[in-house]
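Student: Quick one: this structure, given as C-alpha cells, is what I'll be asking you about.
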Amino acid sequence: MCARERGWSTVDEPVKRPSVDPLDKLSRLTRPGGVIRPKGLNNRQFTAVSAGLGLALAAGVVLAAGPWDSGQRKAEQDRAAARSRTGGVHHGADAPPGPKPAPSAPAVLAPLSSVVDNAAPDARDAPDGAAAALRATLGPLLKAPALGTARTAAVIDTATGERLYGQGADTPMTPASTIKIATSVAALSALGPDHRIATTVRASPDSRSITLVGGGDPTLDKAALGALAADTARALKDRGVKTVRLTYDTSRYSGPARHPIGPNENIAPVSALMTDEGRLDSTDRGPAPRSNDPAGDAARTFGRLLDDAGITTRSGPAAGRPATKSRPVAKHLSAPLSALAERTLTNSDNDIAEALARQTALAAGERADFDGGRRAVTAQLKKLRLPMKGVNLADGSGLNRKDKVTAGLLAGLLARAADPDHPELRPVLTGLPVAGFSGTLSGRYTQKSAGTGLVRAKTGTLTGVNSLAGTVVDKQGRLLAFAFLASGTTSPSEAQSSLDALATSLAGRT
C-alpha cells in the first residue's frame, strides 16, 4: 500500500512548471494616482486607450517571463502558444472551435492600497451589496454533501481588507497543505525574498581535513556538489594537498529528523544536508522513494566527486564538526527564498516547506526543529497582525493532523500578500497554482471549465480533509482572497470538484 492509499498524500494532482502572475504590475497601475487620463480624451477614447494599454501590459508580462530559478514562471506562455485561439469575448468570431473564451476584464481595477483588517465579522455588509451577493452564491454551494461533515469559508476584498463573506471563518480546522501559505508568509517576512541558503566546505588549518557543512537547502543537487568539489579541489591543490579526511556537519538543524507520520514517500527525513530532497529516483516533485540517510548519501556523493577532481578521501565520510579555526574553501547558494516559496506552493513541496519553517526558526533564534519552527512561524504571523486564535502550526508542510488554522487566517494571509505595503510577500501570490495550467491545479480544471486560468489557489488533501485557498478577480475587478476548508469528506475527487466550484463562483462565471 503506497502512502497515498494510506491517506498521507497532500499532492493528488500532477504538477507542472509554475506560471507568471501579473499582480505585481497590476498593483502598481491600480494604486491611487496610478491611472491617469491623458488630457483631452473623452470616456470612450479613454476606455479604448486603456484597453490598448492593457493588451500591451499583458504582452509585456508574457515576454518578461523567465526561467524557474529566477523566481519567475512561464507555464502560461507555453500554454498560451498551444491555445492561441482563446481570448476575450471580442476576439475573432470566425476562429475555429476551441476552449470557451474568457470575457474581457473591466477597463480599470480597484486600487490595491488599503490596509488589510482581518478582524471583520462573518456577515459584514459592503456598501455595494457584495456580501449579500456572495451569501446568495456561496451558501448553496457550501451545502454540497461532498464537503463532508464540517466546512468553513472566508472571502476578503484585498483592496479594502473587508471580509465579504464568512461561514465559521474563525473555527480552527485541519488545513492539510494549505498551511504552506502560512509557512511561506512567515519565512518571506522573517528572511526576505532575496535570502539564500548556503552549503559550504571548510578546511582545517593544515588542509588535511575538510567538512561539508549543510545549511538546510533541500534543493541541493549533484551539479552543485560537483561545483563545490571542484572549488575545494582547487583550493587544496594550491596548498599541495591531495589526500584528506572528509566529514559532514548537519548540526544547523536539531531535534528529530523524522516527521511524526514516520517513513513516507511524501517527505524525507528533515536534514540540514541532503541532495534532491532525499529522492531515490529522477523525479523532482510529488511522492518518491526516499533515503533513510540523506546527509550521509550527500556526503558520499561529494566524496566521489572529490576523487574525480583529484582529491583522495582516506575513508568513507563520517559525521562531525569543522576543525577549530577552519576556513571556508567553497560555497554554494540556493535559489532565492522567493523561488523556493513559489516552488513550495506550486508543487506542494513538503521538504522545502519544512526547510522554510526551520529557516524561520533560525532567523528568530529558535531551535531548528519542529517545535522551534512552530514557535517562530506563529510569532512571525502575529507580527503581521493576523488572527491567530485557535491556530496550531505543528509543522510547515501540513502533513501533521495536529495542524489547525482558520479560513479567516488563510484568506488574511493572502490579503497580506496582496498588500502593497508588503512586497516581500508577493511570491506567495505568484507561487499559487493556476487552474488548468500549473502545479496541483493543472489536472483539476479542463479547457471547458469556467475557472481555468482565473483561479489561483493552494490545494490541501489528507484522508477526510480537503481544502482550497487562493485568489480570483471578480466581475467588478476586485482581487478576492478566499479559503474553503472541509473535513469528514469521503470522496477526494467529489470534494475537490465542490471546492473548485466555490472558487469559480467568485469570478461570477457559474
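Residue names in the C-alpha cells use chain letters A, B, ... in the order shown, residue numbers from 1 in each chain, and ligand numbers from 1 in the order shown.
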Would you list the contacts of range 235-251 of chain A as an MDAnalysis selection string, taking every protein, DNA or RNA residue within 6 Å and counting only C-alpha atoms, but skipping same-chain residues closer than 4 positions in sequence?
Tutor: chainID A and resid 208:214 272:273 311:314 317:321
Student: Which residues come within 9 Å of Ile267 in chain A, counting only C-alpha atoms, excluding same-chain residues fewer than 5 positions away, as a list of chain:residue names?
Tutor: A:Arg258, A:His259, A:Glu277, A:Gly278, A:Arg279, A:Pro287, A:Ala288, A:Arg290, A:Asp349, A:Asn350, A:Asp351
Student: Give me, as a ChimeraX atom specification, all polymer residues having an atom no more than 7 Å from Ile197 in chain A, counting only C-alpha atoms and skipping those fewer than 6 positions away in the same chain.
Tutor: /A:215-217,333-334
Student: CA of Pro322 in chain A and CA of Asp206 in chain A, how far apart in Å?
Tutor: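 CA of Pro322 in chain A lies 12.5 Å from CA of Asp206 in chain A.
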Student: Restricting the calculation to only C-alpha atoms, which member of A:Gly310, A:Gly365, A:Gly431, A:Gly129 is positioned closest to Leu340 in chain A?
Tutor: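 Looking at the shortest contact to Leu340 in chain A, the residue is A:Gly431.
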Student: Can you work out the spacing between CA of Asp297 in chain A and CA of Asn264 in chain A in Å, to one decimal?
Tutor: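 Value for the CA of Asp297 in chain A-CA of Asn264 in chain A distance: 17.8 Å.
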Student: Enumerate as a VMD selection string all residues of range 295-334 of chain A assigned to helix (DSSP H, G or I) by DSSP on the backbone, naming them with the chain letters and numbers the document uses.
Tutor: chain A and resid 295 to 308
Student: Using all heavy atoms, can you export the residues from the last selection as a short mmCIF file (atom, residue, chain, number, x, y, z; two decimals), in the first residue's frame?
Tutor:
data_model
loop_
_atom_site.label_atom_id
_atom_site.label_comp_id
_atom_site.auth_asym_id
_atom_site.auth_seq_id
_atom_site.Cartn_x
_atom_site.Cartn_y
_atom_site.Cartn_z
N ALA A 295 21.76 12.88 4.55
CA ALA A 295 23.02 13.57 4.78
C ALA A 295 24.21 12.69 4.41
O ALA A 295 25.15 13.13 3.74
CB ALA A 295 23.13 14.02 6.23
N GLY A 296 24.17 11.43 4.85
CA GLY A 296 25.24 10.51 4.52
C GLY A 296 25.34 10.28 3.02
O GLY A 296 26.44 10.22 2.46
N ASP A 297 24.21 10.16 2.35
CA ASP A 297 24.22 9.97 0.91
C ASP A 297 24.84 11.17 0.20
O ASP A 297 25.63 11.02 -0.74
CB ASP A 297 22.78 9.77 0.39
CG ASP A 297 22.22 8.41 0.77
OD1 ASP A 297 22.99 7.55 1.22
OD2 ASP A 297 20.99 8.23 0.59
N ALA A 298 24.50 12.38 0.65
CA ALA A 298 25.06 13.59 0.03
C ALA A 298 26.58 13.63 0.24
O ALA A 298 27.33 13.98 -0.69
CB ALA A 298 24.41 14.83 0.62
N ALA A 299 27.03 13.29 1.43
CA ALA A 299 28.47 13.33 1.72
C ALA A 299 29.22 12.29 0.90
O ALA A 299 30.33 12.54 0.41
CB ALA A 299 28.70 13.11 3.20
N ARG A 300 28.64 11.12 0.73
CA ARG A 300 29.31 10.08 -0.07
C ARG A 300 29.40 10.50 -1.55
O ARG A 300 30.41 10.26 -2.21
CB ARG A 300 28.58 8.75 0.09
CG ARG A 300 28.85 8.07 1.44
CD ARG A 300 28.19 6.72 1.55
NE ARG A 300 26.75 6.82 1.80
CZ ARG A 300 26.23 6.93 3.02
NH1 ARG A 300 27.01 6.98 4.09
NH2 ARG A 300 24.92 6.99 3.18
N THR A 301 28.34 11.14 -2.04
CA THR A 301 28.40 11.65 -3.41
C THR A 301 29.48 12.71 -3.54
O THR A 301 30.24 12.74 -4.51
CB THR A 301 27.03 12.24 -3.81
OG1 THR A 301 26.05 11.21 -3.76
CG2 THR A 301 27.08 12.83 -5.21
N PHE A 302 29.56 13.59 -2.55
CA PHE A 302 30.59 14.62 -2.56
C PHE A 302 31.99 14.01 -2.54
O PHE A 302 32.89 14.47 -3.25
CB PHE A 302 30.39 15.54 -1.35
CG PHE A 302 31.39 16.66 -1.27
CD1 PHE A 302 31.39 17.69 -2.19
CD2 PHE A 302 32.33 16.69 -0.24
CE1 PHE A 302 32.31 18.73 -2.11
CE2 PHE A 302 33.25 17.72 -0.15
CZ PHE A 302 33.25 18.75 -1.09
N GLY A 303 32.17 12.95 -1.75
CA GLY A 303 33.46 12.28 -1.70
C GLY A 303 33.87 11.71 -3.05
O GLY A 303 35.03 11.82 -3.46
N ARG A 304 32.90 11.10 -3.75
CA ARG A 304 33.21 10.55 -5.09
C ARG A 304 33.56 11.67 -6.07
O ARG A 304 34.46 11.52 -6.90
CB ARG A 304 32.02 9.75 -5.60
CG ARG A 304 31.80 8.44 -4.85
CD ARG A 304 30.79 7.55 -5.55
NE ARG A 304 29.45 8.11 -5.54
CZ ARG A 304 28.56 7.89 -4.58
NH1 ARG A 304 28.89 7.12 -3.55
NH2 ARG A 304 27.35 8.41 -4.65
N LEU A 305 32.89 12.80 -5.95
CA LEU A 305 33.19 13.92 -6.83
C LEU A 305 34.56 14.52 -6.52
O LEU A 305 35.26 14.99 -7.43
CB LEU A 305 32.10 14.98 -6.69
CG LEU A 305 30.72 14.57 -7.23
CD1 LEU A 305 29.65 15.57 -6.79
CD2 LEU A 305 30.75 14.47 -8.75
N LEU A 306 34.95 14.49 -5.26
CA LEU A 306 36.29 14.93 -4.89
C LEU A 306 37.34 14.01 -5.52
O LEU A 306 38.37 14.47 -6.04
CB LEU A 306 36.46 14.94 -3.37
CG LEU A 306 36.03 16.18 -2.60
CD1 LEU A 306 36.24 15.96 -1.11
CD2 LEU A 306 36.81 17.42 -3.05
N ASP A 307 37.09 12.71 -5.44
CA ASP A 307 38.01 11.75 -6.07
C ASP A 307 38.15 12.05 -7.56
O ASP A 307 39.26 12.03 -8.11
CB ASP A 307 37.52 10.32 -5.86
CG ASP A 307 37.63 9.86 -4.41
OD1 ASP A 307 38.42 10.47 -3.66
OD2 ASP A 307 36.92 8.91 -4.03
N ASP A 308 37.02 12.33 -8.22
CA ASP A 308 37.05 12.64 -9.65
C ASP A 308 37.86 13.91 -9.92
O ASP A 308 38.44 14.06 -11.00
CB ASP A 308 35.64 12.81 -10.19
CG ASP A 308 34.83 11.52 -10.17
OD1 ASP A 308 35.44 10.44 -10.07
OD2 ASP A 308 33.58 11.61 -10.24
#
